[in-house]
Each structure stands twice: as C-alpha cells, then as structure tokens.
file upload08.cif (mmCIF, N, CA and C atoms)
data_work
loop_
_atom_site.label_atom_id
_atom_site.label_comp_id
_atom_site.auth_asym_id
_atom_site.auth_seq_id
_atom_site.Cartn_x
_atom_site.Cartn_y
_atom_site.Cartn_z
N GLU A 1252 104.52 121.90 108.86
CA GLU A 1252 103.23 121.32 109.22
C GLU A 1252 103.13 121.27 110.74
N HIS A 1253 102.02 121.72 111.28
CA HIS A 1253 101.79 121.69 112.72
C HIS A 1253 100.91 120.51 113.07
N SER A 1254 101.33 119.76 114.06
CA SER A 1254 100.50 118.64 114.49
C SER A 1254 99.67 119.08 115.68
N LYS A 1255 98.59 118.38 115.90
CA LYS A 1255 97.69 118.70 117.00
C LYS A 1255 98.38 118.39 118.33
N ARG A 1256 98.27 119.34 119.26
CA ARG A 1256 98.86 119.17 120.58
C ARG A 1256 98.06 118.15 121.38
N VAL A 1257 98.76 117.30 122.12
CA VAL A 1257 98.11 116.28 122.93
C VAL A 1257 98.61 116.40 124.37
N THR A 1258 97.83 115.87 125.30
CA THR A 1258 98.24 115.91 126.72
C THR A 1258 98.87 114.60 127.16
N ASP A 1259 98.67 113.55 126.39
CA ASP A 1259 99.23 112.24 126.72
C ASP A 1259 100.06 111.73 125.55
N LEU A 1260 101.14 111.04 125.88
CA LEU A 1260 101.99 110.44 124.87
C LEU A 1260 102.26 108.99 125.29
N PRO A 1261 101.47 108.05 124.78
CA PRO A 1261 101.65 106.67 125.20
C PRO A 1261 102.97 106.09 124.71
N PHE A 1262 103.58 105.29 125.54
CA PHE A 1262 104.80 104.58 125.18
C PHE A 1262 104.95 103.37 126.08
N ASP A 1263 105.74 102.43 125.63
CA ASP A 1263 106.14 101.27 126.43
C ASP A 1263 107.59 101.46 126.80
N PHE A 1264 108.03 100.74 127.82
CA PHE A 1264 109.44 100.85 128.21
C PHE A 1264 109.92 99.56 128.85
N VAL A 1265 111.22 99.40 128.84
CA VAL A 1265 111.89 98.34 129.59
C VAL A 1265 112.97 99.00 130.44
N VAL A 1266 113.18 98.45 131.61
CA VAL A 1266 114.25 98.92 132.48
C VAL A 1266 115.52 98.20 132.06
N LEU A 1267 116.53 98.96 131.68
CA LEU A 1267 117.80 98.38 131.26
C LEU A 1267 118.77 98.24 132.43
N GLY A 1268 118.67 99.14 133.39
CA GLY A 1268 119.60 99.05 134.51
C GLY A 1268 119.16 99.92 135.67
N VAL A 1269 119.51 99.49 136.86
CA VAL A 1269 119.26 100.25 138.08
C VAL A 1269 120.57 100.37 138.84
N HIS A 1270 120.65 101.40 139.66
CA HIS A 1270 121.86 101.65 140.46
C HIS A 1270 123.10 101.73 139.58
N GLU A 1271 122.96 102.44 138.47
CA GLU A 1271 124.09 102.57 137.54
C GLU A 1271 124.82 103.89 137.77
N SER A 1272 126.07 103.90 137.35
CA SER A 1272 126.87 105.13 137.39
C SER A 1272 127.15 105.56 135.96
N LYS A 1273 127.34 106.86 135.79
CA LYS A 1273 127.62 107.43 134.48
C LYS A 1273 129.13 107.32 134.23
N THR A 1274 129.50 106.80 133.06
CA THR A 1274 130.90 106.66 132.70
C THR A 1274 131.15 107.40 131.38
N ASP A 1275 132.38 107.44 130.95
CA ASP A 1275 132.71 108.08 129.67
C ASP A 1275 132.05 107.37 128.49
N SER A 1276 131.78 106.08 128.63
CA SER A 1276 131.22 105.32 127.52
C SER A 1276 129.74 104.98 127.70
N GLY A 1277 129.10 105.55 128.72
CA GLY A 1277 127.68 105.27 128.92
C GLY A 1277 127.36 105.09 130.39
N PHE A 1278 126.70 103.99 130.71
CA PHE A 1278 126.31 103.71 132.08
C PHE A 1278 126.76 102.30 132.45
N SER A 1279 127.06 102.10 133.73
CA SER A 1279 127.58 100.82 134.20
C SER A 1279 127.12 100.57 135.63
N THR A 1280 127.00 99.30 135.98
CA THR A 1280 126.66 98.94 137.36
C THR A 1280 127.89 98.95 138.26
N GLN A 1281 129.06 99.09 137.66
CA GLN A 1281 130.30 99.13 138.44
C GLN A 1281 131.04 100.43 138.17
N PRO A 1282 131.21 101.28 139.13
CA PRO A 1282 130.69 101.16 140.49
C PRO A 1282 129.19 101.48 140.49
N PRO A 1283 128.48 101.00 141.50
CA PRO A 1283 127.06 101.32 141.59
C PRO A 1283 126.83 102.83 141.68
N GLY A 1284 125.70 103.28 141.17
CA GLY A 1284 125.38 104.70 141.21
C GLY A 1284 123.89 104.91 141.43
N ASP A 1285 123.43 106.11 141.14
CA ASP A 1285 122.04 106.49 141.39
C ASP A 1285 121.18 106.54 140.14
N TRP A 1286 121.72 106.14 139.00
CA TRP A 1286 120.99 106.26 137.74
C TRP A 1286 120.12 105.05 137.45
N LEU A 1287 118.97 105.31 136.84
CA LEU A 1287 118.05 104.30 136.33
C LEU A 1287 118.02 104.50 134.82
N THR A 1288 118.26 103.45 134.05
CA THR A 1288 118.26 103.58 132.59
C THR A 1288 117.08 102.81 132.00
N LEU A 1289 116.38 103.47 131.08
CA LEU A 1289 115.18 102.91 130.44
C LEU A 1289 115.31 103.00 128.93
N LYS A 1290 114.64 102.11 128.25
CA LYS A 1290 114.49 102.19 126.80
C LYS A 1290 113.01 102.40 126.53
N LEU A 1291 112.67 103.48 125.81
CA LEU A 1291 111.29 103.83 125.51
C LEU A 1291 110.93 103.42 124.08
N PHE A 1292 109.71 102.94 123.91
CA PHE A 1292 109.20 102.52 122.60
C PHE A 1292 107.93 103.31 122.29
N PHE A 1293 107.90 103.98 121.15
CA PHE A 1293 106.76 104.80 120.74
C PHE A 1293 106.09 104.18 119.52
N GLY A 1294 104.76 104.36 119.43
CA GLY A 1294 104.02 103.85 118.29
C GLY A 1294 104.09 102.34 118.25
N ASN A 1295 104.01 101.81 117.07
CA ASN A 1295 104.15 100.36 116.87
C ASN A 1295 105.61 100.05 116.56
N ASP A 1296 106.46 100.36 117.53
CA ASP A 1296 107.92 100.25 117.36
C ASP A 1296 108.42 101.16 116.26
N ASP A 1297 107.74 102.31 116.09
CA ASP A 1297 108.15 103.29 115.09
C ASP A 1297 109.33 104.12 115.58
N GLY A 1298 109.50 104.21 116.90
CA GLY A 1298 110.59 105.01 117.44
C GLY A 1298 111.04 104.48 118.79
N GLU A 1299 112.33 104.56 119.03
CA GLU A 1299 112.93 104.11 120.28
C GLU A 1299 113.94 105.15 120.74
N MET A 1300 114.03 105.32 122.06
CA MET A 1300 115.05 106.20 122.62
C MET A 1300 115.35 105.74 124.05
N TYR A 1301 116.44 106.23 124.57
CA TYR A 1301 116.82 105.92 125.95
C TYR A 1301 116.48 107.10 126.84
N LEU A 1302 116.14 106.79 128.08
CA LEU A 1302 115.91 107.79 129.10
C LEU A 1302 116.66 107.36 130.34
N GLU A 1303 117.52 108.25 130.83
CA GLU A 1303 118.27 107.99 132.06
C GLU A 1303 117.79 108.95 133.13
N LEU A 1304 117.50 108.43 134.31
CA LEU A 1304 116.97 109.23 135.41
C LEU A 1304 117.85 109.08 136.64
N ASN A 1305 118.09 110.19 137.31
CA ASN A 1305 118.81 110.17 138.58
C ASN A 1305 117.94 110.86 139.62
N PRO A 1306 117.19 110.08 140.41
CA PRO A 1306 116.29 110.68 141.39
C PRO A 1306 117.02 111.41 142.52
N THR A 1307 118.26 111.06 142.77
CA THR A 1307 119.03 111.72 143.83
C THR A 1307 119.36 113.16 143.47
N THR A 1308 119.76 113.38 142.22
CA THR A 1308 120.15 114.73 141.79
C THR A 1308 119.03 115.45 141.03
N GLY A 1309 117.97 114.71 140.66
CA GLY A 1309 116.89 115.31 139.89
C GLY A 1309 117.22 115.47 138.42
N GLU A 1310 118.25 114.79 137.94
CA GLU A 1310 118.66 114.89 136.54
C GLU A 1310 117.93 113.85 135.68
N ALA A 1311 117.74 114.19 134.42
CA ALA A 1311 117.19 113.26 133.43
C ALA A 1311 117.86 113.55 132.09
N GLU A 1312 118.11 112.51 131.33
CA GLU A 1312 118.74 112.66 130.02
C GLU A 1312 118.02 111.78 129.01
N PHE A 1313 117.74 112.35 127.85
CA PHE A 1313 117.25 111.58 126.72
C PHE A 1313 118.44 111.28 125.83
N GLU A 1314 118.44 110.10 125.26
CA GLU A 1314 119.53 109.72 124.37
C GLU A 1314 118.96 109.00 123.16
N GLU A 1315 119.46 109.38 122.01
CA GLU A 1315 119.02 108.78 120.76
C GLU A 1315 119.45 107.32 120.70
N LYS A 1316 118.52 106.46 120.32
CA LYS A 1316 118.87 105.04 120.14
C LYS A 1316 119.50 104.82 118.77
N ASP A 1317 118.90 105.49 117.76
CA ASP A 1317 119.36 105.30 116.39
C ASP A 1317 118.94 106.53 115.59
N ASP A 1318 119.83 107.01 114.72
CA ASP A 1318 119.53 108.18 113.89
C ASP A 1318 118.27 108.00 113.05
N SER A 1319 117.98 106.78 112.67
CA SER A 1319 116.84 106.56 111.78
C SER A 1319 115.50 106.86 112.46
N TYR A 1320 115.47 106.94 113.79
CA TYR A 1320 114.24 107.27 114.51
C TYR A 1320 114.06 108.77 114.71
N GLY A 1321 115.04 109.56 114.38
CA GLY A 1321 115.05 110.98 114.70
C GLY A 1321 113.83 111.76 114.25
N ASP A 1322 113.50 111.70 112.98
CA ASP A 1322 112.36 112.47 112.46
C ASP A 1322 111.05 112.05 113.12
N TYR A 1323 110.87 110.75 113.28
CA TYR A 1323 109.64 110.27 113.91
C TYR A 1323 109.55 110.75 115.35
N LEU A 1324 110.63 110.63 116.11
CA LEU A 1324 110.61 111.03 117.53
C LEU A 1324 110.36 112.52 117.68
N VAL A 1325 110.96 113.33 116.84
CA VAL A 1325 110.72 114.78 116.91
C VAL A 1325 109.25 115.06 116.64
N SER A 1326 108.66 114.40 115.65
CA SER A 1326 107.25 114.65 115.34
C SER A 1326 106.34 114.22 116.48
N VAL A 1327 106.68 113.16 117.17
CA VAL A 1327 105.86 112.67 118.29
C VAL A 1327 106.05 113.56 119.52
N LEU A 1328 107.30 113.86 119.86
CA LEU A 1328 107.58 114.64 121.08
C LEU A 1328 107.08 116.07 120.97
N GLN A 1329 107.08 116.65 119.78
CA GLN A 1329 106.62 118.03 119.63
C GLN A 1329 105.14 118.18 119.95
N LYS A 1330 104.41 117.09 119.92
CA LYS A 1330 102.98 117.14 120.22
C LYS A 1330 102.71 117.45 121.70
N VAL A 1331 103.68 117.16 122.57
CA VAL A 1331 103.48 117.38 124.00
C VAL A 1331 104.33 118.53 124.54
N LEU A 1332 105.15 119.10 123.71
CA LEU A 1332 106.01 120.20 124.17
C LEU A 1332 105.34 121.55 124.02
#

call {"tool": "encode", "arguments": {"input": "upload08.cif", "output": "structure tokens"}}
result
Amino acid sequence: EHSKRVTDLPFDFVVLGVHESKTDSGFSTQPPGDWLTLKLFFGNDDGEMYLELNPTTGEAEFEEKDDSYGDYLVSVLQKVL
C-alpha cells in the first residue's frame, strides 16, 4: 500500500541531553561531548524514537525507542522520504 507523500511531518520532542559524548552503551555527559540527544513523539503518542545530533561533525543518528513502534514509524517516515 502506498501512502500519500507529504512535505511536513509534525512531531513533538524533548531534549534528553546536551554536550553528551557517545559511549559503548549510549550517550553520557561524562566526558562532555558535542552530541545533542532528543526523543521524538509522532501522532498521538503512536510512535517514539530517539534522534542524536552532532553539529560539530554534521552527524545525525536515529535510534529505535521500542520495537513495538517500528511498523508505525516506517509508515509515517516513508511519507516524507
């Protein structure tokens, strides 16, 4: 099934951390780093995911919050890809 393509994808977010460094187990404020970590909320809390941004290196990473959101997030994100 093909969904209609959209130019906007509304979401809410919270900032989880600033000046974080990437570690083997995730992100940490010790030692301080250049990463900003966010939690994104789509729909009426139908889907959640993490977004990590490093403005210094220009890197960005999406991370799954929970497997149960996978199908919903793919269906929503494909509308803007």

call {"tool": "resolve_selection", "arguments": {"input": "upload08.cif", "expression": "the PyMOL selection byres ((chain A and resi 1268) around 6.5)", "output": "PyMOL selection string"}}
result
chain A and resi 1265-1267+1269-1271+1286-1289

call {"tool": "resolve_selection", "arguments": {"input": "upload08.cif", "expression": "the PyMOL selection byres ((chain A and resi 1296-1305) around 6)", "output": "ChimeraX atom specification"}}
result
/A:1285-1295,1306-1317,1320,1324

call {"tool": "atom_distance", "arguments": {"input": "upload08.cif", "atom1": "atom N of Pro1283 (chain A)", "atom2": "atom C of Asp1263 (chain A)"}}
result
25.5 Å

call {"tool": "atom_distance", "arguments": {"input": "upload08.cif", "atom1": "CA of Arg1256 (chain A)", "atom2": "atom N of Val1331 (chain A)"}}
result
5.6 Å

call {"tool": "closest_residue", "arguments": {"input": "upload08.cif", "among": "A:Val1325, A:Phe1278, A:Lys1330, A:Ser1272", "to": "Lys1255 (chain A)", "atoms": "all atoms listed in the file"}}
result
A:Lys1330

call {"tool": "axis_aligned_box", "arguments": {"input": "upload08.cif", "around": "region 1280-1291 of chain A", "padding_each_side": "6 Å", "output": "AutoDock Vina command-line options"}}
result
--center_x 121.1 --center_y 102.7 --center_z 132.9 --size_x 32.3 --size_y 19.6 --size_z 29.6

call {"tool": "atom_distance", "arguments": {"input": "upload08.cif", "atom1": "CA of Asp1322 (chain A)", "atom2": "CA of Phe1264 (chain A)"}}
result
19.8 Å

call {"tool": "select_by_dssp", "arguments": {"input": "upload08.cif", "residues": "region 1268-1329 of chain A", "states": "alpha helix (DSSP H)", "output": "short mmCIF file (atom, residue, chain, number, x, y, z; two decimals) with N, CA and C atoms, in the coordinates of the input"}}
result
data_model
loop_
_atom_site.label_atom_id
_atom_site.label_comp_id
_atom_site.auth_asym_id
_atom_site.auth_seq_id
_atom_site.Cartn_x
_atom_site.Cartn_y
_atom_site.Cartn_z
N GLY A 1321 115.04 109.56 114.38
CA GLY A 1321 115.05 110.98 114.70
C GLY A 1321 113.83 111.76 114.25
N ASP A 1322 113.50 111.70 112.98
CA ASP A 1322 112.36 112.47 112.46
C ASP A 1322 111.05 112.05 113.12
N TYR A 1323 110.87 110.75 113.28
CA TYR A 1323 109.64 110.27 113.91
C TYR A 1323 109.55 110.75 115.35
N LEU A 1324 110.63 110.63 116.11
CA LEU A 1324 110.61 111.03 117.53
C LEU A 1324 110.36 112.52 117.68
N VAL A 1325 110.96 113.33 116.84
CA VAL A 1325 110.72 114.78 116.91
C VAL A 1325 109.25 115.06 116.64
N SER A 1326 108.66 114.40 115.65
CA SER A 1326 107.25 114.65 115.34
C SER A 1326 106.34 114.22 116.48
N VAL A 1327 106.68 113.16 117.17
CA VAL A 1327 105.86 112.67 118.29
C VAL A 1327 106.05 113.56 119.52
N LEU A 1328 107.30 113.86 119.86
CA LEU A 1328 107.58 114.64 121.08
C LEU A 1328 107.08 116.07 120.97
#

call {"tool": "select_by_dssp", "arguments": {"input": "upload08.cif", "residues": "chain A", "states": "strand (DSSP E or B)", "output": "JSON, numbers by chain"}}
result
{"A": [1262, 1263, 1264, 1265, 1266, 1267, 1268, 1269, 1270, 1271, 1272, 1273, 1274, 1277, 1278, 1279, 1286, 1287, 1288, 1289, 1290, 1291, 1292, 1293, 1298, 1299, 1300, 1301, 1302, 1303, 1304, 1305, 1310, 1311, 1312, 1313, 1314, 1315]}

call {"tool": "decode", "arguments": {"input": "upload08.cif", "residues": "region 1320-1332 of chain A", "atoms": "N, CA, C and O atoms", "output": "compact mmCIF listing (two decimals), in the first residue's frame"}}
result
# COMPACT_ATOMS: atom_id res chain seq x y z
N TYR A 1320 7.05 0.17 18.10
CA TYR A 1320 6.74 1.35 17.30
C TYR A 1320 7.22 1.21 15.85
O TYR A 1320 6.93 2.07 15.02
N GLY A 1321 7.93 0.18 15.53
CA GLY A 1321 8.59 0.04 14.24
C GLY A 1321 7.69 0.20 13.03
O GLY A 1321 7.94 1.02 12.16
N ASP A 1322 6.62 -0.56 12.95
CA ASP A 1322 5.73 -0.50 11.79
C ASP A 1322 5.11 0.88 11.64
O ASP A 1322 5.02 1.42 10.54
N TYR A 1323 4.68 1.45 12.75
CA TYR A 1323 4.07 2.79 12.69
C TYR A 1323 5.08 3.81 12.20
O TYR A 1323 4.79 4.63 11.33
N LEU A 1324 6.29 3.80 12.75
CA LEU A 1324 7.31 4.79 12.37
C LEU A 1324 7.70 4.66 10.91
O LEU A 1324 7.85 5.66 10.21
N VAL A 1325 7.83 3.45 10.42
CA VAL A 1325 8.15 3.26 9.00
C VAL A 1325 7.04 3.84 8.14
O VAL A 1325 7.31 4.54 7.16
N SER A 1326 5.79 3.59 8.51
CA SER A 1326 4.67 4.11 7.71
C SER A 1326 4.63 5.64 7.72
O SER A 1326 4.28 6.26 6.72
N VAL A 1327 4.98 6.25 8.82
CA VAL A 1327 4.98 7.71 8.93
C VAL A 1327 6.18 8.31 8.19
O VAL A 1327 6.04 9.25 7.42
N LEU A 1328 7.37 7.76 8.43
CA LEU A 1328 8.59 8.32 7.82
C LEU A 1328 8.61 8.15 6.31
O LEU A 1328 9.15 8.99 5.60
N GLN A 1329 8.03 7.08 5.79
CA GLN A 1329 8.04 6.87 4.34
C GLN A 1329 7.25 7.95 3.60
O GLN A 1329 7.46 8.17 2.42
N LYS A 1330 6.38 8.64 4.29
CA LYS A 1330 5.59 9.69 3.66
C LYS A 1330 6.44 10.90 3.27
O LYS A 1330 6.06 11.66 2.40
N VAL A 1331 7.59 11.08 3.92
CA VAL A 1331 8.44 12.24 3.63
C VAL A 1331 9.74 11.85 2.93
O VAL A 1331 10.54 12.71 2.57
N LEU A 1332 9.96 10.58 2.74
CA LEU A 1332 11.20 10.14 2.09
C LEU A 1332 11.05 10.05 0.59
O LEU A 1332 10.04 9.84 0.05
